>>> print(open('model-v5.txt').read())   # compact mmCIF, C-alpha atoms and all ligand atoms
# COMPACT_ATOMS: atom_id res chain seq x y z
CA MET A 1 38.66 -12.71 18.98
CA ARG A 2 41.13 -10.89 21.24
CA ILE A 3 40.50 -7.18 21.43
CA LEU A 4 42.60 -4.32 22.78
CA VAL A 5 40.97 -0.96 23.52
CA VAL A 6 43.38 1.99 23.74
CA GLY A 7 42.57 4.80 26.20
CA GLY A 8 41.31 5.16 29.74
CA GLY A 9 38.39 7.58 29.93
CA GLY A 10 34.60 7.39 30.04
CA ARG A 11 34.44 6.87 26.28
CA GLU A 12 36.74 3.85 26.55
CA HIS A 13 34.70 2.44 29.44
CA ALA A 14 31.58 2.65 27.28
CA LEU A 15 33.45 0.95 24.41
CA VAL A 16 34.74 -1.84 26.68
CA TRP A 17 31.28 -2.27 28.24
CA LYS A 18 29.67 -2.70 24.82
CA LEU A 19 32.44 -4.85 23.30
CA ALA A 20 32.33 -7.18 26.34
CA GLN A 21 28.73 -8.07 25.43
CA SER A 22 29.79 -9.58 22.10
CA PRO A 23 29.92 -13.38 21.93
CA LYS A 24 32.82 -12.94 19.49
CA VAL A 25 35.18 -11.67 22.21
CA THR A 26 37.44 -14.20 23.89
CA GLU A 27 39.82 -11.81 25.66
CA LEU A 28 39.45 -8.09 26.23
CA TYR A 29 42.35 -5.79 27.14
CA CYS A 30 42.53 -2.06 27.75
CA ALA A 31 45.61 0.18 27.81
CA PRO A 32 45.78 1.87 30.23
CA GLY A 33 42.10 1.64 31.30
CA ASN A 34 40.79 2.79 34.70
CA ALA A 35 39.19 1.32 37.83
CA GLY A 36 35.79 0.72 36.24
CA ILE A 37 37.26 -0.75 33.07
CA SER A 38 39.37 -3.16 35.17
CA ARG A 39 36.18 -4.98 36.15
CA GLU A 40 35.38 -5.78 32.51
CA ALA A 41 38.77 -6.01 30.80
CA ALA A 42 42.36 -6.76 31.69
CA CYS A 43 44.04 -3.37 32.10
CA VAL A 44 47.64 -3.08 30.94
CA SER A 45 49.81 -0.21 32.09
CA ILE A 46 50.80 1.11 28.69
CA GLY A 47 50.07 4.75 27.91
CA ALA A 48 47.61 5.45 25.08
CA GLU A 49 50.35 7.32 23.18
CA ASP A 50 53.15 4.78 23.58
CA ILE A 51 52.95 3.43 20.03
CA PRO A 52 55.94 1.01 20.12
CA ALA A 53 54.75 -0.58 23.39
CA LEU A 54 51.15 -0.88 22.14
CA VAL A 55 52.30 -2.54 18.91
CA ASP A 56 54.58 -4.96 20.82
CA PHE A 57 51.75 -5.86 23.20
CA ALA A 58 49.29 -6.43 20.33
CA VAL A 59 51.77 -8.71 18.55
CA GLU A 60 52.64 -10.64 21.71
CA LYS A 61 48.99 -11.23 22.64
CA LYS A 62 47.94 -11.96 19.04
CA ILE A 63 45.28 -9.26 19.19
CA GLY A 64 42.69 -9.56 16.41
CA LEU A 65 41.34 -5.99 16.64
CA VAL A 66 42.65 -2.82 18.26
CA VAL A 67 40.07 -0.12 18.98
CA VAL A 68 41.65 3.30 19.41
CA GLY A 69 39.73 5.72 21.65
CA PRO A 70 41.60 9.06 21.81
CA GLU A 71 42.79 11.32 19.00
CA ALA A 72 46.48 11.68 19.92
CA PRO A 73 47.55 8.12 19.04
CA LEU A 74 45.49 8.27 15.82
CA VAL A 75 47.12 11.53 14.74
CA ALA A 76 50.52 10.04 15.68
CA GLY A 77 49.95 7.01 13.42
CA LEU A 78 49.01 4.13 15.75
CA VAL A 79 46.70 2.56 13.16
CA ASP A 80 49.42 2.69 10.49
CA ALA A 81 51.94 1.11 12.87
CA LEU A 82 49.54 -1.71 13.74
CA GLU A 83 48.58 -2.37 10.13
CA ALA A 84 52.27 -2.50 9.20
CA VAL A 85 52.59 -5.60 11.39
CA GLY A 86 49.33 -7.10 10.13
CA ILE A 87 47.06 -6.15 13.03
CA ALA A 88 43.59 -4.79 12.23
CA ALA A 89 42.77 -1.51 13.95
CA PHE A 90 39.56 0.50 14.14
CA GLY A 91 40.33 4.16 13.46
CA PRO A 92 41.70 6.34 10.68
CA SER A 93 45.28 6.32 9.42
CA ARG A 94 47.61 9.19 10.36
CA GLN A 95 46.89 10.91 7.05
CA ALA A 96 43.13 10.61 7.45
CA ALA A 97 43.29 11.76 11.10
CA MET A 98 44.53 15.14 9.77
CA LEU A 99 40.85 16.12 9.79
CA GLU A 100 41.27 16.52 13.54
CA GLY A 101 45.06 16.86 13.77
CA SER A 102 45.17 20.20 11.96
CA LYS A 103 42.26 22.61 12.08
CA ALA A 104 43.83 24.66 9.27
CA TRP A 105 44.10 21.55 7.08
CA ALA A 106 40.50 20.62 7.87
CA LYS A 107 39.27 24.11 6.91
CA GLU A 108 41.22 24.02 3.65
CA PHE A 109 39.83 20.54 2.93
CA MET A 110 36.28 21.81 3.51
CA ALA A 111 36.91 24.76 1.19
CA ARG A 112 38.23 22.41 -1.54
CA HIS A 113 35.12 20.24 -1.32
CA GLY A 114 32.43 22.85 -0.78
CA ILE A 115 31.56 21.64 2.73
CA PRO A 116 29.65 24.31 4.68
CA THR A 117 31.64 25.87 7.53
CA ALA A 118 32.37 29.30 9.04
CA GLN A 119 34.39 31.85 7.00
CA TYR A 120 37.99 31.78 8.18
CA ARG A 121 41.63 32.66 7.68
CA VAL A 122 44.84 31.09 8.98
CA PHE A 123 47.62 33.11 10.66
CA THR A 124 51.08 32.68 12.14
CA GLU A 125 51.75 36.41 12.80
CA ILE A 126 50.01 38.41 15.48
CA GLY A 127 49.60 41.67 13.49
CA PRO A 128 47.46 40.39 10.61
CA ALA A 129 45.67 38.00 13.00
CA VAL A 130 44.53 40.85 15.23
CA GLU A 131 43.47 42.87 12.21
CA TYR A 132 41.29 40.01 10.90
CA ALA A 133 39.80 39.31 14.34
CA ARG A 134 38.95 43.02 14.63
CA SER A 135 37.24 42.96 11.22
CA LEU A 136 35.03 40.05 12.34
CA GLY A 137 34.03 41.52 15.70
CA SER A 138 33.18 38.50 17.78
CA CYS A 139 34.99 35.40 16.47
CA ALA A 140 36.29 31.93 17.29
CA ILE A 141 40.07 31.52 17.65
CA LYS A 142 41.44 28.00 17.31
CA ALA A 143 44.93 26.60 17.81
CA ASP A 144 45.79 24.59 14.70
CA GLY A 145 47.04 21.44 16.44
CA LEU A 146 45.77 19.11 19.17
CA ALA A 147 45.27 20.90 22.46
CA ALA A 148 43.26 18.42 24.57
CA GLY A 149 40.09 20.50 24.34
CA LYS A 150 41.82 23.75 25.36
CA GLY A 151 42.53 25.09 21.90
CA VAL A 152 39.32 27.02 21.13
CA THR A 153 38.17 30.38 22.46
CA VAL A 154 35.03 32.15 21.39
CA ALA A 155 36.03 35.79 21.87
CA ASP A 156 33.23 38.26 22.59
CA THR A 157 35.38 41.37 22.55
CA GLU A 158 38.38 42.66 20.67
CA ALA A 159 40.40 42.78 23.91
CA GLU A 160 39.72 39.10 24.55
CA ALA A 161 40.73 38.21 20.98
CA VAL A 162 43.98 40.15 21.28
CA SER A 163 44.82 38.47 24.57
CA VAL A 164 44.17 34.94 23.21
CA LEU A 165 46.19 35.64 20.06
CA GLN A 166 49.03 36.98 22.19
CA ASP A 167 48.96 33.80 24.32
CA LEU A 168 49.03 31.50 21.29
CA LEU A 169 51.23 33.26 18.73
CA VAL A 170 53.61 35.26 20.91
CA ASP A 171 53.81 33.55 24.30
CA GLN A 172 53.23 30.09 22.73
CA LYS A 173 51.22 28.94 25.73
CA LEU A 174 50.02 25.85 23.85
CA GLY A 175 53.45 25.20 22.31
CA PRO A 176 53.63 24.06 18.67
CA ALA A 177 49.85 23.33 18.59
CA GLY A 178 49.19 27.09 18.72
CA ARG A 179 51.90 28.41 16.42
CA ARG A 180 49.29 28.57 13.68
CA VAL A 181 45.76 29.71 14.41
CA VAL A 182 42.46 29.57 12.58
CA ILE A 183 40.26 32.61 13.14
CA GLU A 184 36.68 32.21 12.04
CA GLU A 185 33.39 34.05 12.06
CA ARG A 186 31.21 33.31 15.04
CA LEU A 187 28.24 31.13 14.19
CA ALA A 188 24.99 31.03 16.12
CA GLY A 189 22.52 28.18 16.52
CA GLU A 190 21.99 24.85 18.19
CA GLU A 191 25.02 22.55 18.43
CA VAL A 192 24.86 18.88 17.60
CA SER A 193 27.37 16.02 17.35
CA VAL A 194 26.82 13.68 14.43
CA LEU A 195 29.00 10.60 14.29
CA ALA A 196 29.15 8.05 11.49
CA PHE A 197 30.79 4.68 10.99
CA THR A 198 32.58 4.52 7.67
CA ASP A 199 34.85 2.08 5.86
CA GLY A 200 35.84 4.73 3.34
CA LYS A 201 32.95 3.96 0.99
CA THR A 202 29.83 3.18 3.00
CA LEU A 203 28.67 5.64 5.62
CA VAL A 204 26.28 4.82 8.47
CA PRO A 205 25.32 7.71 10.76
CA LEU A 206 24.77 7.04 14.45
CA PRO A 207 21.87 8.79 16.21
CA ALA A 208 22.78 12.43 16.90
CA ALA A 209 23.76 13.65 20.36
CA GLN A 210 24.21 16.97 22.13
CA ASP A 211 27.17 17.62 24.41
CA HIS A 212 27.29 20.26 27.18
CA LYS A 213 30.77 21.74 26.90
CA ARG A 214 30.67 24.55 29.45
CA ALA A 215 31.49 23.80 33.08
CA TYR A 216 28.42 25.30 34.73
CA ASP A 217 24.64 25.38 34.41
CA GLY A 218 23.14 27.63 31.77
CA ASP A 219 26.21 27.14 29.52
CA ARG A 220 28.32 29.38 31.70
CA GLY A 221 31.96 29.10 32.71
CA PRO A 222 34.98 27.71 30.90
CA ASN A 223 34.90 25.03 28.20
CA THR A 224 35.52 21.46 29.36
CA GLY A 225 35.91 18.10 27.65
CA GLY A 226 32.13 17.75 28.07
CA MET A 227 29.97 17.77 31.23
CA GLY A 228 27.16 15.59 29.96
CA ALA A 229 25.24 14.60 26.87
CA PHE A 230 21.93 13.30 25.67
CA SER A 231 20.61 11.54 22.60
CA PRO A 232 18.68 11.93 20.42
CA PRO A 233 18.17 15.73 20.34
CA PRO A 234 14.47 16.32 19.62
CA PHE A 235 15.31 19.26 17.32
CA PHE A 236 17.42 17.10 15.01
CA THR A 237 14.83 15.98 12.48
CA ARG A 238 15.18 13.28 9.84
CA GLU A 239 15.29 16.04 7.25
CA LEU A 240 18.22 17.69 9.01
CA GLU A 241 19.99 14.35 9.24
CA GLU A 242 19.58 13.85 5.51
CA ARG A 243 21.06 17.28 4.85
CA VAL A 244 24.02 16.55 7.12
CA VAL A 245 24.71 13.26 5.35
CA GLU A 246 24.36 14.79 1.89
CA GLU A 247 26.06 18.14 2.42
CA ILE A 248 28.73 17.19 4.96
CA LEU A 249 29.43 13.52 5.76
CA GLN A 250 29.32 12.07 2.26
CA PRO A 251 31.41 14.87 0.72
CA VAL A 252 34.02 14.31 3.47
CA ILE A 253 34.31 10.59 2.76
CA ALA A 254 34.37 11.16 -1.00
CA GLY A 255 36.90 14.01 -0.68
CA MET A 256 39.22 12.00 1.55
CA ALA A 257 39.11 9.08 -0.91
CA VAL A 258 39.84 11.35 -3.89
CA GLU A 259 42.76 12.91 -2.04
CA GLY A 260 44.28 9.50 -1.35
CA ARG A 261 43.52 9.50 2.37
CA PRO A 262 40.61 7.07 2.63
CA TYR A 263 38.86 7.60 5.96
CA ARG A 264 38.03 4.50 8.00
CA GLY A 265 36.66 4.36 11.53
CA VAL A 266 34.23 6.75 13.11
CA LEU A 267 33.96 10.31 11.85
CA TYR A 268 32.64 12.90 14.30
CA ALA A 269 31.21 16.14 12.93
CA GLY A 270 30.64 18.90 15.48
CA LEU A 271 27.94 21.04 13.85
CA MET A 272 26.15 24.33 14.35
CA LEU A 273 22.60 24.37 12.99
CA THR A 274 22.59 27.93 11.67
CA GLY A 275 19.89 29.89 9.86
CA ASP A 276 21.78 28.99 6.66
CA GLY A 277 21.76 25.27 7.41
CA PRO A 278 24.17 22.96 9.21
CA LYS A 279 27.80 24.13 9.30
CA VAL A 280 30.89 22.33 10.55
CA LEU A 281 32.55 23.63 13.73
CA GLU A 282 35.08 20.82 13.85
CA PHE A 283 35.83 17.27 12.86
CA ASN A 284 37.07 14.65 15.27
CA CYS A 285 38.62 11.41 14.07
CA ARG A 286 37.21 9.32 16.94
CA PHE A 287 34.20 8.76 19.16
CA GLY A 288 33.06 11.73 21.27
CA ASP A 289 33.37 11.79 25.02
CA PRO A 290 30.71 11.88 26.59
CA GLU A 291 28.64 11.31 23.42
CA THR A 292 29.74 7.65 23.27
CA GLN A 293 28.29 7.08 26.73
CA VAL A 294 24.80 7.97 25.44
CA LEU A 295 25.14 6.27 22.05
CA LEU A 296 26.48 2.80 22.78
CA PRO A 297 23.84 1.86 25.40
CA ARG A 298 21.28 2.24 22.61
CA LEU A 299 23.22 0.22 20.02
CA GLU A 300 21.48 -3.09 19.48
CA SER A 301 23.96 -4.56 16.99
CA ASP A 302 27.19 -6.34 17.90
CA LEU A 303 29.87 -3.62 18.01
CA VAL A 304 32.63 -6.12 17.21
CA GLU A 305 30.85 -7.07 14.01
CA VAL A 306 30.44 -3.40 13.04
CA MET A 307 34.08 -2.58 13.77
CA VAL A 308 35.52 -5.62 11.99
CA ALA A 309 33.34 -4.90 8.94
CA THR A 310 34.59 -1.29 9.01
CA THR A 311 38.25 -2.31 9.04
CA GLU A 312 37.65 -4.86 6.27
CA GLY A 313 35.73 -2.48 3.97
CA ARG A 314 32.50 -4.47 4.32
CA LEU A 315 30.34 -2.03 6.26
CA SER A 316 27.60 -2.27 3.60
CA GLU A 317 27.09 -5.91 4.65
CA VAL A 318 26.09 -5.20 8.27
CA ASP A 319 22.77 -4.05 9.52
CA ILE A 320 23.22 -1.52 12.32
CA THR A 321 20.20 -1.20 14.58
CA TRP A 322 19.39 0.99 17.59
CA LYS A 323 17.07 0.53 20.52
CA PRO A 324 14.23 3.04 20.60
CA GLY A 325 14.15 5.64 23.35
CA ALA A 326 16.68 8.11 24.68
CA ALA A 327 19.79 8.29 26.84
CA ALA A 328 21.35 10.90 29.10
CA CYS A 329 24.75 11.10 30.79
CA VAL A 330 25.74 13.42 33.64
CA VAL A 331 29.47 13.85 34.24
CA LEU A 332 30.66 14.08 37.84
CA ALA A 333 33.82 16.20 37.87
CA ALA A 334 36.57 16.66 40.43
CA GLY A 335 36.67 19.85 42.53
CA GLY A 336 38.51 22.52 40.52
CA TYR A 337 37.98 20.92 37.08
CA PRO A 338 38.54 22.17 34.34
CA GLY A 339 41.33 24.00 36.19
CA PRO A 340 43.79 22.22 38.52
CA TYR A 341 41.69 19.66 40.37
CA ARG A 342 41.63 17.49 43.49
CA LYS A 343 42.70 13.86 43.27
CA SER A 344 42.67 10.71 45.43
CA GLU A 345 39.23 11.41 46.92
CA ASP A 346 37.19 8.38 48.03
CA ILE A 347 34.18 7.62 45.81
CA THR A 348 31.09 6.17 47.51
CA GLY A 349 27.58 5.10 46.60
CA LEU A 350 28.09 3.36 43.26
CA GLU A 351 26.60 0.15 44.63
CA GLU A 352 23.34 2.04 45.33
CA LEU A 353 22.62 3.08 41.74
CA PRO A 354 19.00 2.41 40.73
CA PRO A 355 18.46 -0.45 38.28
CA GLY A 356 19.14 0.59 34.71
CA VAL A 357 21.67 3.29 35.62
CA LEU A 358 25.21 2.83 34.33
CA ALA A 359 28.34 4.40 35.80
CA PHE A 360 31.01 4.83 33.14
CA HIS A 361 34.32 5.51 34.85
CA ALA A 362 36.74 8.16 33.57
CA GLY A 363 39.27 9.45 36.15
CA THR A 364 39.10 6.65 38.70
CA SER A 365 41.65 4.24 40.11
CA TRP A 366 42.10 1.69 42.89
CA ARG A 367 44.26 2.63 45.87
CA ASP A 368 44.74 0.09 48.64
CA GLY A 369 41.51 -1.57 47.55
CA ARG A 370 39.58 1.73 47.65
CA LEU A 371 37.99 3.43 44.66
CA VAL A 372 39.43 6.95 44.36
CA THR A 373 39.34 9.85 41.92
CA SER A 374 42.34 10.29 39.62
CA GLY A 375 41.20 12.64 36.85
CA GLY A 376 39.17 15.76 36.10
CA ARG A 377 36.10 14.03 34.74
CA VAL A 378 35.52 11.19 37.20
CA LEU A 379 32.28 9.37 36.31
CA GLY A 380 29.54 9.53 33.68
CA ILE A 381 26.25 8.51 35.26
CA THR A 382 24.13 7.30 32.37
CA ALA A 383 20.55 6.15 31.92
CA THR A 384 18.37 5.00 29.06
CA ALA A 385 14.58 5.25 29.07
CA PRO A 386 11.65 5.47 26.64
CA THR A 387 11.74 9.30 26.60
CA LEU A 388 14.42 11.93 27.06
CA GLY A 389 12.65 13.31 30.12
CA GLU A 390 12.68 9.91 31.81
CA ALA A 391 16.29 9.24 30.86
CA VAL A 392 17.40 12.57 32.34
CA ALA A 393 15.36 12.03 35.52
CA LEU A 394 16.75 8.51 35.99
CA ALA A 395 20.35 9.64 35.40
CA TYR A 396 19.93 12.32 38.12
CA ARG A 397 18.44 9.73 40.50
CA GLY A 398 21.72 7.88 40.03
CA VAL A 399 23.79 11.04 40.51
CA GLU A 400 22.18 11.62 43.91
CA LYS A 401 23.54 8.31 45.19
CA VAL A 402 27.19 8.88 44.28
CA SER A 403 29.57 11.23 46.02
CA PHE A 404 33.17 12.19 46.57
CA PRO A 405 34.63 15.30 48.22
CA GLY A 406 34.62 18.27 45.83
CA CYS A 407 32.30 16.58 43.28
CA HIS A 408 30.52 18.99 40.94
CA TYR A 409 28.20 18.42 38.03
CA ARG A 410 25.71 20.24 35.87
CA CYS A 411 22.06 20.09 36.93
CA ASP A 412 20.70 21.00 33.50
CA ILE A 413 21.75 18.19 31.14
CA GLY A 414 19.05 18.06 28.44
CA ALA A 415 16.90 20.41 30.53
CA ARG A 416 16.11 22.91 27.78
CA TRP A 417 14.63 20.13 25.66
CA VAL A 418 12.84 18.33 28.42
CA GLN A 419 11.14 21.58 29.48
CA ALA A 420 10.52 22.63 25.90
CA ARG A 421 8.52 19.44 25.41
CA GLY A 422 6.63 19.85 28.68
P1 LIG B 501 35.59 22.94 18.79
O1 LIG B 501 36.58 22.24 19.72
O2 LIG B 501 36.17 23.42 17.52
O3 LIG B 501 34.30 22.16 18.67
O4 LIG B 501 35.13 24.23 19.60
C1 LIG B 501 34.71 24.15 20.93
C2 LIG B 501 33.43 24.92 21.08
O5 LIG B 501 33.63 26.28 20.70
C3 LIG B 501 32.31 24.43 20.17
O6 LIG B 501 31.62 23.35 20.70
C4 LIG B 501 31.44 25.67 20.07
O7 LIG B 501 30.63 25.79 21.21
C5 LIG B 501 32.47 26.79 20.07
N1 LIG B 501 32.77 27.21 18.69
C6 LIG B 501 33.73 26.72 17.88
N2 LIG B 501 33.73 27.37 16.69
C7 LIG B 501 32.75 28.28 16.75
C8 LIG B 501 32.23 29.26 15.84
N3 LIG B 501 32.74 29.44 14.62
N4 LIG B 501 31.19 30.01 16.25
C9 LIG B 501 30.66 29.86 17.49
N5 LIG B 501 31.10 28.96 18.39
C10 LIG B 501 32.13 28.18 18.04
N1 LIG B 502 32.53 15.83 23.49
C1 LIG B 502 33.43 16.49 22.67
C2 LIG B 502 34.50 15.68 22.12
O1 LIG B 502 34.57 14.48 22.30
O2 LIG B 502 35.36 16.24 21.44
>>> encode(input="model-v5.txt", output="structure tokens", more="lines below")
Ligand code: AMP
Ligand code: GLY
Amino acid sequence: MRILVVGGGGREHALVWKLAQSPKVTELYCAPGNAGISREAACVSIGAEDIPALVDFAVEKKIGLVVVGPEAPLVAGLVDALEAVGIAAFGPSRQAAMLEGSKAWAKEFMARHGIPTAQYRVFTEIGPAVEYARSLGSCAIKADGLAAGKGVTVADTEAEAVSVLQDLLVDQKLGPAGRRVVIEERLAGEEVSVLAFTDGKTLVPLPAAQDHKRAYDGDRGPNTGGMGAFSPPPFFTRELEERVVEEILQPVIAGMAVEGRPYRGVLYAGLMLTGDGPKVLEFNCRFGDPETQVLLPRLESDLVEVMVATTEGRLSEVDITWKPGAAACVVLAAGGYPGPYRKSEDITGLEELPPGVLAFHAGTSWRDGRLVTSGGRVLGITATAPTLGEAVALAYRGVEKVSFPGCHYRCDIGARWVQARG
């Protein structure tokens, strides 16, 4: 089977790496890919959001399955456009991707189906928005539309809330994505990412993972796309998983089906484990980044088989199995990230990684035969091992080998849980 992966980050490198292991794959393409991906797939210079060019390419190359990595093409209808020309695609339709495409829509959907989430209201005018934020005290303010990870602020003070609302609703700093905002009560607890494969009827959860969203150690500094992840989180018990499936994931799949937007692909629930049980912070209509980098190395089953079964509505027929143990991923970021960052720095040391350590590339490219940085998140150094402590230690042994000018990373990926367990 010929497969095209859409996207060019660490998540897509992990997808390509895993898909390439399938005996079912005859040709593997990635649009646009990156330097690391180019070693395992043929990279094509088509942007991940260029729907007409992606469809033309898939038709021309007789692609049997398109795997869509990022949210923007899903929300823009890439899967619908591919299916319209008879090409199977892994990912939700435009209508189903609304779960991520509009935070206001997702909140209303959760309210309609009794899915636990923070109390909220939706605003387009600054006056009532400020009044509601004031009534909540500390709150989370979210741009309604896609904002590449920059749309959410947890405001500690009223002054901060007013300033964020001014930026979004009055100065329109995020453009149309921020013309409507969701303001919600601030939840407290442990965060966890729970992803599930679903064909619209059957639902198969992946092992849970925890992301580290803040830029600096101790969860300080600005939010990023994710500075590292580990799986499985020791605090996420089987009992909690059952609750999440019963109270959140299954009602979502059932609700989407009832509303005529059957959800197919991978559903990502970002959850807060509160004193009142698990509550939804957000849904994503795709794999997480960097969660995918710690999940796929532990997947034993053939990912092509799982994805084809998902697109064909036969997920109940496949047995999805995972290797025991744990995985950890440490993201190496460019100097300045998540603000304006340095580019075109030489990357060295990847050939010295200890056995068993994987380097998933994100913002990397080739320049005159040299490997250089080209994005904010540059590499995800990933290790699997029998225990979380060993996986974390091995990933950091890999990190020590790799360098580029300005490189920064968090030193505490998984640390709270490794220490907590002694
Ligand atoms: P989101 O993109 O919606 O996941 O939000 C980004 C981050 O903001 C989350 O990972 C949480 O750390 C934080 N966050 C979002 N909503 C809330 C909330 N209601 N209460 C506390 N923190 C939140
Ligand atoms: N790691 C967070 C995300 O993929 O949205």
>>> closest_residue(input="model-v5.txt", among="A:Trp366, A:Phe109, A:Phe197, A:Tyr268", to="Arg314 in chain A", atoms="all atoms listed in the file")
A:Phe197
>>> closest_atom_pairs(input="model-v5.txt", of="chain A", to="ligand LIG 502 (chain B)", cutoff="10 Å", atoms="all atoms listed in the file", output="JSON lines")
{"residue": "A:Arg11", "atom": "CA", "partner": "B:LIG502", "partner_atom": "O1", "distance": 8.6}
{"residue": "A:Pro70", "atom": "CA", "partner": "B:LIG502", "partner_atom": "O1", "distance": 8.9}
{"residue": "A:Glu71", "atom": "CA", "partner": "B:LIG502", "partner_atom": "O2", "distance": 9.2}
{"residue": "A:Glu100", "atom": "CA", "partner": "B:LIG502", "partner_atom": "O2", "distance": 9.9}
{"residue": "A:Ala148", "atom": "CA", "partner": "B:LIG502", "partner_atom": "O2", "distance": 8.8}
{"residue": "A:Gly149", "atom": "CA", "partner": "B:LIG502", "partner_atom": "O2", "distance": 7.0}
{"residue": "A:Ser193", "atom": "CA", "partner": "B:LIG502", "partner_atom": "N1", "distance": 8.0}
{"residue": "A:Ala209", "atom": "CA", "partner": "B:LIG502", "partner_atom": "N1", "distance": 9.6}
{"residue": "A:Gln210", "atom": "CA", "partner": "B:LIG502", "partner_atom": "N1", "distance": 8.5}
{"residue": "A:Asp211", "atom": "CA", "partner": "B:LIG502", "partner_atom": "N1", "distance": 5.7}
{"residue": "A:His212", "atom": "CA", "partner": "B:LIG502", "partner_atom": "N1", "distance": 7.8}
{"residue": "A:Lys213", "atom": "CA", "partner": "B:LIG502", "partner_atom": "N1", "distance": 7.0}
{"residue": "A:Thr224", "atom": "CA", "partner": "B:LIG502", "partner_atom": "C1", "distance": 8.6}
{"residue": "A:Gly225", "atom": "CA", "partner": "B:LIG502", "partner_atom": "C1", "distance": 5.8}
{"residue": "A:Gly226", "atom": "CA", "partner": "B:LIG502", "partner_atom": "N1", "distance": 5.0}
{"residue": "A:Met227", "atom": "CA", "partner": "B:LIG502", "partner_atom": "N1", "distance": 8.4}
{"residue": "A:Gly228", "atom": "CA", "partner": "B:LIG502", "partner_atom": "N1", "distance": 8.4}
{"residue": "A:Ala229", "atom": "CA", "partner": "B:LIG502", "partner_atom": "N1", "distance": 8.1}
{"residue": "A:Tyr268", "atom": "CA", "partner": "B:LIG502", "partner_atom": "O2", "distance": 8.3}
{"residue": "A:Ala269", "atom": "CA", "partner": "B:LIG502", "partner_atom": "O2", "distance": 9.5}
{"residue": "A:Gly270", "atom": "CA", "partner": "B:LIG502", "partner_atom": "O2", "distance": 8.1}
{"residue": "A:Glu282", "atom": "CA", "partner": "B:LIG502", "partner_atom": "O2", "distance": 8.9}
{"residue": "A:Phe283", "atom": "CA", "partner": "B:LIG502", "partner_atom": "O2", "distance": 8.7}
{"residue": "A:Asn284", "atom": "CA", "partner": "B:LIG502", "partner_atom": "O2", "distance": 6.6}
{"residue": "A:Cys285", "atom": "CA", "partner": "B:LIG502", "partner_atom": "O2", "distance": 9.4}
{"residue": "A:Arg286", "atom": "CA", "partner": "B:LIG502", "partner_atom": "O1", "distance": 7.9}
{"residue": "A:Phe287", "atom": "CA", "partner": "B:LIG502", "partner_atom": "O1", "distance": 6.5}
{"residue": "A:Gly288", "atom": "CA", "partner": "B:LIG502", "partner_atom": "O1", "distance": 3.3}
{"residue": "A:Asp289", "atom": "CA", "partner": "B:LIG502", "partner_atom": "O1", "distance": 4.0}
{"residue": "A:Pro290", "atom": "CA", "partner": "B:LIG502", "partner_atom": "N1", "distance": 5.3}
{"residue": "A:Glu291", "atom": "CA", "partner": "B:LIG502", "partner_atom": "N1", "distance": 6.0}
{"residue": "A:Thr292", "atom": "CA", "partner": "B:LIG502", "partner_atom": "O1", "distance": 8.4}
>>> closest_residue(input="model-v5.txt", among="A:Ala208, A:Ala81, A:Val252, A:Leu195", to="Ala111 in chain A", atoms="only C-alpha atoms")
A:Val252
>>> residues_around(input="model-v5.txt", residues="Glu400 in chain A", least_positions_apart="4", cutoff="10 Å", atoms="only C-alpha atoms", output="list in words")
Gly349, Glu352, Leu353, Ala395 and Tyr396 of chain A
>>> write_last_selection(input="model-v5.txt", atoms="C-alpha atoms", output="JSON list (two decimals), keeping the file's coordinate frame")
[["chain", "number", "residue", "atom", "x", "y", "z"],
["A", 349, "GLY", "CA", 27.58, 5.10, 46.60],
["A", 352, "GLU", "CA", 23.34, 2.04, 45.33],
["A", 353, "LEU", "CA", 22.62, 3.08, 41.74],
["A", 395, "ALA", "CA", 20.35, 9.64, 35.40],
["A", 396, "TYR", "CA", 19.93, 12.32, 38.12]]
>>> residues_near_ligand(input="model-v5.txt", ligand="ligand LIG 501 (chain B)", cutoff="10 Å", atoms="all atoms listed in the file", output="VMD selection string")
chain A and resid 100 103 117 to 120 138 to 143 146 to 155 182 to 193 210 to 214 219 223 to 226 269 to 272 274 279 to 284
>>> closest_residue(input="model-v5.txt", among="A:Leu203, A:Ala328, A:Ala104, A:Ile3", to="Val68 in chain A", atoms="all atoms listed in the file")
A:Ile3
>>> closest_residue(input="model-v5.txt", among="A:Val16, A:Leu99, A:Ile51, A:Ile381", to="Ile37 in chain A", atoms="all atoms listed in the file")
A:Val16
>>> residues_around(input="model-v5.txt", residues="Glu312 in chain A", least_positions_apart="6", cutoff="12 Å", atoms="only C-alpha atoms", output="ChimeraX atom specification")
/A:65,83,87-91,198-202,264-265,305-306,318
>>> write_last_selection(input="model-v5.txt", atoms="C-alpha atoms", output="CSV table (one decimal), in the frame of the given file")
chain,number,residue,atom,x,y,z
A,65,LEU,CA,41.3,-6.0,16.6
A,83,GLU,CA,48.6,-2.4,10.1
A,87,ILE,CA,47.1,-6.2,13.0
A,88,ALA,CA,43.6,-4.8,12.2
A,89,ALA,CA,42.8,-1.5,14.0
A,90,PHE,CA,39.6,0.5,14.1
A,91,GLY,CA,40.3,4.2,13.5
A,198,THR,CA,32.6,4.5,7.7
A,199,ASP,CA,34.8,2.1,5.9
A,200,GLY,CA,35.8,4.7,3.3
A,201,LYS,CA,33.0,4.0,1.0
A,202,THR,CA,29.8,3.2,3.0
A,264,ARG,CA,38.0,4.5,8.0
A,265,GLY,CA,36.7,4.4,11.5
A,305,GLU,CA,30.8,-7.1,14.0
A,306,VAL,CA,30.4,-3.4,13.0
A,318,VAL,CA,26.1,-5.2,8.3
